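**Student:** I'd like to ask you about the structure that follows.
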Amino acid sequence: MSRREDPHANAFIEEAYELLAELEDSLLELEEHPEDKDLIGKVFRAMHTIKGSGAMFGFDDIAAFTHQVESVYDRVRDGALPVTKELINLTLQARDVIKAMLDGPCEEITRGQAPNQIVSALGKLLDGETAPANTTSPGESAPTLPNDSAADVDATYRIRFKPSPGIFATGNNLMLILEELRGLGECAVVARPDNIPLIEVMDPESCYISWDIVLTTNRGMNAIKDVFIFVEDLCEIRIDIVDKETFTDAIGRGENYKRLGEILVERGDITQDQLQNVLDEKKLIGEMLIEKGVVTPDEVKSALVEQEHVRRVKEKARSKEDDISSVRVPAQKLDMLVNLVGELVTVQARLAQTASLLNDTEVSSISEEVERLTAELRDNTLNMRMLPIGTTFGRFKRLIRDLSQELGKEIEMTTEGAETELDKTVIERLNDPLVHLIRNSIDHGIERPDEREAAGKPRTGTIHLAASHSGANVVIEIRDDGKGLDREAILLKAAERGLVSQNAELTDKEIFGFIFQPGFSTAKEVTSVSGRGVGMDVVKRAIDALRGSIEIASEKGKGTTVTIRLPLSLAIIEGLLVTLGNDSFVLPLSIVEECIELTGDDVERAHGADLAYVRGDIVPYIRLRREFRIKGERPQREQVVVTKVNGSRVGFVVDSVVGEHQTVIKNLGRFYKRVNAVSGATILGDGTVALIVDAAKLATDVEAAQTGLN
């Protein structure tokens, strides 16, 4: 079986992708704050985890390459090597190589020169030392970079290691951890079985033993922490360093190490008062404490082992008390759960309709209870799919950094609302449109530093990403402080292409909308980034496919703002069920403002125009019977569903309004993918199908047809 067919290996790959994303974020922050020890530690731990997990699951090539970078950051962590722009660039390249190894066959990648070149360049950074020439072939170990991070002075540490009962279920072998500690130096290990329950109540798959370890090593605190890096969230760990001066003075005077009582008090096994009460009885301290029931024999034994073990350096305590707070679930299982919940919502609707027809109190009561439970299950399931959009925002830091360097521009990225949550599927499909919009802002929007200075602006431009909730939608803004859009140039280009007459009077919104036409570009030259007129129409189609909308606002010389409005979820929505003849349709409830009645008198008062008067305001409306070619006579009294679409109020005329409906969205299939104004379908309680109206698309098409833009 291939290592990538192994489910454990797949778990490593998934975890490695997350670590690489965190690594990239940490490196970009470290570039701005090169003295931040916490960031240096995060980079080192990410590399260490990838190396250790890779070796564990057979990814030896990844482990060997990552070890080289880890060795460099071990030197950085010890202060022997400074954080420079060159180091950050090389580490980002190394991150890309590791990702490439995860993406494809590692054997093909390791034949290339990129890993060897990166290792060689990293070696040259180490105090003027040059890494040995790499002559390795696939399967051999990569050259080892110099690593003299070990300290010359030994230090002795007290380690208390208490795993959680469920640690065995994670596949961790605790004996390997203890063996790794022994490999760091002189080590004494004492098992503490005092928490083992009676066999009648013992769970054979649980861990009840903890360990006290006394370790003398010259590797430092970080080396000890690295041993526990894979289990730090699954156990309680305390590492204490004994005071160096006390030990040195005691050795010089020929004195023994701390007394037994002092060790037990220091560990927290007893209090100073308990110790003093026993000392007053003038007996051997260990025997007296056991007789008093203050400590167990195992605790005394452990303290005696520490008493015999030599200690040096300063005292310092660290503890980890975090419990497991999340479970990794494959995306396919989550999608299946959402599908099942969707089917349950449909069945619940059928049950509710049947209960109303039977007019039975007991059945109606059961139906209401099922409806409540289904709603809670639906909400909780959809919340499980929600992810903070900040994870997507974070990916663009690298894009902006690399492109700005390539184009000779100085650009910084700011974010707002990174905690805003959005459906996982929406986030995944949103990545490419956002990438294109950001690339456009960098290439066309932000000016070069000298141009910005000449215009009275700071040399460094800003791209601001913001996200916020707005009802059942999420609003995302991409804003730059560049030169803005040239209104006249866009209008001239549109006239040249026959999209509009040269004398047409259009609003800024209508003019900027031409940018989304296929092949539309006002760029005078083609760059490696953009200018070919390919992309903005694709962005528009991608946003439309997500049932969202996109608008552009710009002020020449001050910048451009692109606003994207998206639904929170693509699976289940709240809808308004309406009828046209014998057919049913659904309008998204999030866009509905109100419903009013439309009579024959209202039609005559508008003199044949499709306009409705809503409390003094004129609202244009669209007859769905006409657009969908519904046959038959329309009723005397129709209903107008007033909505907010693309920033404007638009009415949709229907025969009747049934009411709110939980809508499970189903795709129409490939045979209907070109059907306009319909975004999907849903199954009603009686088993019939209702089409979901794409209000934004329908309103845009009707408006374009009326103004002659199509």
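Residue numbering restarts at 1 in every chain; chains get A, B, ... in the order shown in the structure tokens, and ligands count up from 1 in that same order.
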Could you pull out the alpha helix (DSSP H) residues of region 572-699 of chain A, going by DSSP on the backbone, and write them as a PyMOL selection string?
**Tutor:** chain A and resi 600-605+624-627+695-699
**Student:** Output C-alpha atoms for every residue in that selection, as a PDB file, in the first residue's frame.
**Tutor:**
```
ATOM      1  CA  GLY A 600     -56.108  46.283 -11.358  1.00  0.00           C
ATOM      2  CA  ASP A 601     -56.491  49.860 -10.131  1.00  0.00           C
ATOM      3  CA  ASP A 602     -52.812  49.938  -9.186  1.00  0.00           C
ATOM      4  CA  VAL A 603     -51.883  48.818 -12.703  1.00  0.00           C
ATOM      5  CA  GLU A 604     -54.082  51.484 -14.340  1.00  0.00           C
ATOM      6  CA  ARG A 605     -52.682  54.194 -12.082  1.00  0.00           C
ATOM      7  CA  LEU A 624     -42.628  36.309 -12.914  1.00  0.00           C
ATOM      8  CA  ARG A 625     -45.536  34.936 -14.990  1.00  0.00           C
ATOM      9  CA  ARG A 626     -44.141  36.741 -18.031  1.00  0.00           C
ATOM     10  CA  GLU A 627     -40.491  35.874 -17.380  1.00  0.00           C
ATOM     11  CA  ALA A 695     -33.519  37.344  -7.970  1.00  0.00           C
ATOM     12  CA  ALA A 696     -30.257  39.204  -8.601  1.00  0.00           C
ATOM     13  CA  LYS A 697     -29.632  37.513 -11.951  1.00  0.00           C
ATOM     14  CA  LEU A 698     -33.235  37.982 -13.075  1.00  0.00           C
ATOM     15  CA  ALA A 699     -33.263  41.676 -12.135  1.00  0.00           C
TER      16      ALA A 699
END
```
**Student:** Leaving out Glu421 (chain A) and any residue of its chain fewer than 5 positions from it, which residues lie within 9 Å of it when counting only C-alpha atoms, given as JSON, numbers by chain?
**Tutor:** {"A": [383, 386, 387, 388, 389, 390, 468, 469, 474, 568]}
**Student:** Near Pro163 (chain A), counting only C-alpha atoms, which residues have an atom at most 8 Å away, once you skip same-chain residues fewer than 5 positions from it, shown as a list in words?
**Tutor:**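 That gives Cys207, Tyr208, Ile209, Ser210, Leu234, Cys235 and Glu236 of chain A.
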**Student:** Would you work out the distance separating CA of Arg541 (chain A) from CA of Asp432 (chain A), expressed in Å to one decimal?
**Tutor:**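 According to the coordinates, CA of Arg541 (chain A) and CA of Asp432 (chain A) are separated by 11.6 Å.
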**Student:** Write out as a list in words which residues come within 10 Å of Glu86 (chain A) when counting only C-alpha atoms, dropping same-chain ones fewer than 2 positions away.
**Tutor:**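 Skipping anything fewer than 2 positions along the chain leaves Glu31, Val83, Thr84, Ile88, Asn89, Leu90, Thr91, Leu92, Ala121, Leu122 and Leu125 of chain A.
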**Student:** If we count only C-alpha atoms and set the cut-off at 12 Å, which residues sit around Val657 (chain A), ignoring sequence neighbours fewer than 3 positions away in its own chain? Please answer as a list in words.
**Tutor:** Gly575, Leu576, Leu577, Val578, Thr579, Leu580, Gly581, Ser584, Phe585, Val586, Leu587, Glu594, Cys595, Ile596, Glu597, Arg637, Glu638, Gln639, Val640, Val641, Val642, Phe652, Val653, Val654, Glu660 and His661 of chain A
**Student:** Which residue is closest to Met56 (chain A)? Choose from A:Val72, A:Ala80, A:Ala9, A:Ile515 and count only C-alpha atoms.
**Tutor:** A:Ala9
